[in-house]
Structures are given as C-alpha cells and as structure tokens.
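A.B. asks: One structure, pasted below without further comment.
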Amino acid sequence: MKGIVVKSTGSWVTVRQEDGQETGCTLKGKFRMEGIKSTNPVAVGDRVEFELLPDEDTGVITSILERSNYLIRKATKLSKVSQIIAANIDQAILVATLKKPRTPFGFIDRFLVTAEAYHIPGVIAFNKMDLYDDVLMDRLEELTNIYQEAEYKCLNVSAVSGEGLDELKAVMKDKTSLLAGHSGVGKSSLINRLQPGLNIKTKEISTYNEKGQHVTTFAQMYHLNFGGFIIDTPGIREFGLIDFNKEEVAERFPELRRYMHQCRYNNCTHTHEPGCAVKKALEEGLISHKRYNSYLRIYNDDDWYKKDWG
Ligand SMILES: Nc1nc2c(ncn2[C@@H]2O[C@H](COP(=O)(O)OP(=O)(O)OP(=O)(O)O)[C@@H](O)[C@H]2O)c(=O)[nH]1
Ligand SMILES: [Mg+2]
Ligand SMILES: [Zn+2]
C-alpha cells in the first residue's frame with residue numbers, strides 16, 4: 001500500500017492514502033539517509049509504502065520513495081544532527097508581516113536564498129493586511145516592488161479580513177506548499193481560513209503559550225479540498241544548508257544571477273572587482289540596494305546558515 005506522510009512525531013507516523021484514509025504506522029527496521037545524520041528518518045511529505053498489520057488499524061512503513069527535495073534544520077542549536085522538516089515540496093510560501101511581529105528584511109532574503117539552494121520556488125505572502133496604515137502600505141509597496149523585480153510572487157493577505165485568500169488559494173491549488181515564517185505571523189490562522197474545519201491551534205486558543213512557546217510544535221500536512229496539500233510548520237527561524245558554499249550565494253539572488261555572467265572575471269565576487277556587471281546594474285538602479293546589501297551580508301558571514309535567525 002502506498003501513501004503520503006502527513007504527520008510524523010518520532011516513531012509514530014500518520015500516512016494518508018489517495019482516497020483520504022489515514023493510517024497510523026510505525027517504521028520497520030532502520031532507515032538511513034546518506035550524508036546526513038537525522039533525528040527523524042521519515043518526514044511530512046514523504047511518499048512511503050506500508051503494510052497493514054493484522055488488526056487492520058495500524059501499519060508498518062517498509063520503504064520511503066525517493067525524495068525530489070527536502071528541507072532540514074539542525075535538531076538543536078549546537079547539534080550536528082539534523083531534523084528533516086518536510087520533503088517533496090513544490091513551493092515554499094513565506095508568511096511575512098510588517099506588524100505584530102515585523103519580519104526583518106534580512107530574514108526574508110535568507111529564507112529565499114535557502115529556498116533557491118534547494119530549487120524550491122519561493123512565494124511571499126504578506127499577512128495581517130488589516131493592520132496596515134498608510135505608512136506600512138508604502139513600505140509594503142516598496143518591498144513588493146523589490147521582490148517582484150526578483151521574480152518572486154508577492155501576495156497581500158489577511159487571515160482576519162479574508163483579503164487576498166482567493167489569490168492565495170489559486171497559488172496553492174494542486175501543489176504541495178510549505179508555509180514558513182516566524183512564530184506569530186499567522187501561518188496556522190491562514191490555513192484555518194483556507195480549509196475551514198481543521199481548527200488548528202493558533203495563539204488565541206492555545207493554552208500553553210505563556211512561556212512564549214511556539215504554538216505549532218512540529219510540521220503537519222493538511223489536504224486542501226480545492227486541491228493540493230499545505231504544510232504548517234512551527235515558527236521556523238532557520239533552515240539548514242548542507243555544504244553551503246560562499247561562491248554560490250550570488251546565484252541564489254535571481255536579479256544578481258541575471259547580470260553576473262557578464263562580469264569581467266568569472267570568479268567575480270561582486271564586491272570590489274573592476275568590470276563587475278552586478279555593481280554596474282546596482283549603480284544603474286537595476287538591482288535594489290537592499291537586496292545587494294543582503295547579498296553582502298550573507299556572502300561575508302561564513303556562519304549565517306548556522307545561526308538562529310530569531
Ligand atoms: N490582525 C490580524 N491578526 C492575525 C492575522 N493572522 C493571524 N493573526 C493573529 O496572530 C496570532 C498568531 O497567529 P498563528 O496563526 O498562531 O501564528 P503562527 O504563524 O501559526 O505561529 P506559530 O505556530 O507559533 O509558528 C493570533 O493571535 C492570530 O489571531 C491577520 O491577518 N490579522
Ligand atoms: Mg502555527
Ligand atoms: Zn561581478
């Protein structure tokens with residue numbers, strides 16, 4: 001029998017079959033991933049084969065099909081062991097907010113760079129539109145221009161007023177989307193609006209958030225009635241990159257990628273070299289200074305991908 005993992009909490013995994021039936025499964029034997037040490041061999045989004053146990057209620061996973069991609073992070077801040085957050089993702093939607101809480105510009109760029117490194121298309125959904133005044137609307141327009149210039153889809157949404165949700169649905173239809181973003185930006189609230197009836201815990205109705213804990217504690221995948229799946233993640237502060245390489249950073253900025261092949265030197269770092277096409281485009285206003293500064297910060301920070309982004 002075949003299915004897709006919709007929930008994975010250590011050794012207990014929920015597998016969903018095509019017809020919507022869900023089966024709790026355990027793992028048979030050891031599943032090892034090459035190259036990385038992981039705390040969880042099976043992640044949300046994994047396609048697996050399983051056998052039903054005689055009681056017909058539970059099953060055993062016998063194999064994991066090859067992943068098209070996966071996102072990982074370190075299990076703890078200092079640990080060498082990784083945790084796979086999700087696998088087989090079609091797009092990563094970053095939920096950002098300009099208020100309550102304000103998503104830092106640098107965070108958006110690091111997120112997009114990471115998504116590019118995994119070849120997962122990135123989308124930005126600016127949530128809590130209902131809270132924006134004129135000043136924030138101007139700021140939103142500025143950000144939207146910058147990211148659209150880099151060819152990222154930008155959406156304006158509100159889980160409270162419902163604004164922009166049809167557009168968000170259209171973007172998610174028939175795809176597996178990962179929703180990411182800081183704790184409190186409204187990921188779970190958005191999913192509750194998009195798929196009524198799920199009643200996912202959000203900050204308002206949670207009883208255990210006094211210590212500032214994240215409300216969503218592990219990634220979980222939900223089927224969408226209008227087609228597709230959505231993965232809710234706990235307020236993710238960092239994604240890990242294995243084998244992160246400085247020289248690749250420029251390529252992870254679509255608008256830098258557009259010019260970098262015209263640089264005089266093919267090992268140009270776009271920081272100081274003569275004949276740099278990226279710097280020329282920057283001077284001509286074809287590349288945003290904010291994005292170029294993000295590039296420099298990531299390029300010059302050897303440890304950015306290891307950091308806690310909170
Ligand atoms: N005004 C306003 N508040 C919102 C909106 N969306 C979410 N909120 C509120 O923001 C708070 C956090 O929402 P959650 O959905 O729990 O946020 P989350 O991103 O899932 O957080 P974690 O699970 O901790 O990662 C709640 O109090 C929501 O009611 C919105 O569009 N407008
Ligand atoms: Mg949540
Ligand atoms: Zn250059």
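If you're wondering about the labels, chains in the structure tokens are A, B, ... by order shown, residues count from 1 in each chain, ligands from 1 in order shown.
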Neighbours of A:Asp130 within 9 Å (only C-alpha atoms; same-chain residues fewer than 5 positions away dropped), as a ChimeraX atom specification?
C.D. replies: /A:157-161,163
A.B. asks: Pull N, CA and C atoms from the residues just selected and write them as a short mmCIF file (atom, residue, chain, number, x, y, z; two decimals), in the first residue's frame.
C.D. replies:
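To be explicit, this is the file written out as part.cif:
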```
data_model
loop_
_atom_site.label_atom_id
_atom_site.label_comp_id
_atom_site.auth_asym_id
_atom_site.auth_seq_id
_atom_site.Cartn_x
_atom_site.Cartn_y
_atom_site.Cartn_z
N VAL A 157 -2.33 39.42 2.03
CA VAL A 157 -3.43 38.65 2.60
C VAL A 157 -3.75 39.06 4.03
N SER A 158 -4.92 38.63 4.47
CA SER A 158 -5.28 38.80 5.88
C SER A 158 -6.13 37.62 6.32
N ALA A 159 -5.67 36.94 7.34
CA ALA A 159 -6.45 35.82 7.87
C ALA A 159 -7.67 36.33 8.62
N VAL A 160 -7.65 37.61 8.98
CA VAL A 160 -8.78 38.19 9.72
C VAL A 160 -9.86 38.70 8.77
N SER A 161 -9.47 39.53 7.79
CA SER A 161 -10.49 40.10 6.90
C SER A 161 -10.79 39.19 5.70
N GLU A 163 -9.02 39.11 3.06
CA GLU A 163 -8.44 39.72 1.86
C GLU A 163 -7.35 38.82 1.24
#
```
A.B. asks: Collect all residues with atoms no farther than 6 Å from ligand 3, counting only C-alpha atoms and all ligand atoms, and output them as a list in words.
C.D. replies: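 The neighbouring residues of ligand 3 are, in order, Met260, Cys263, Cys268, Thr269, His270, Cys276, Ala277 and Val278 of chain A.
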A.B. asks: Would you list the contacts of A:Ser63 as JSON, numbers by chain, taking every protein, DNA or RNA residue within 9 Å and counting only C-alpha atoms, but skipping same-chain residues closer than 5 positions in sequence?
C.D. replies: {"A": [27, 28, 31, 47, 48, 49, 50]}
A.B. asks: My list of candidates is A:Gly122, A:Gly162, A:Gly59, A:Pro196. Which is closest to A:Cys25 when distances are computed with only C-alpha atoms?
C.D. replies: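 The answer is A:Gly59, which sits nearest to A:Cys25.
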A.B. asks: Near A:Ala115, counting only C-alpha atoms, which residues have an atom at most 10 Å away, once you skip same-chain residues fewer than 6 positions from it, shown as a PyMOL selection string?
C.D. replies: chain A and resi 71+91-93+109+121-123+239+241+252
A.B. asks: With distances taken over only C-alpha atoms and all ligand atoms, which of A:Ala180, A:Leu52, A:Ala250, A:Val135 is nearest to ligand 1?
C.D. replies: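 Of A:Ala180, A:Leu52, A:Ala250, A:Val135, the one nearest ligand 1, counting only C-alpha atoms and all ligand atoms, is A:Ala180.
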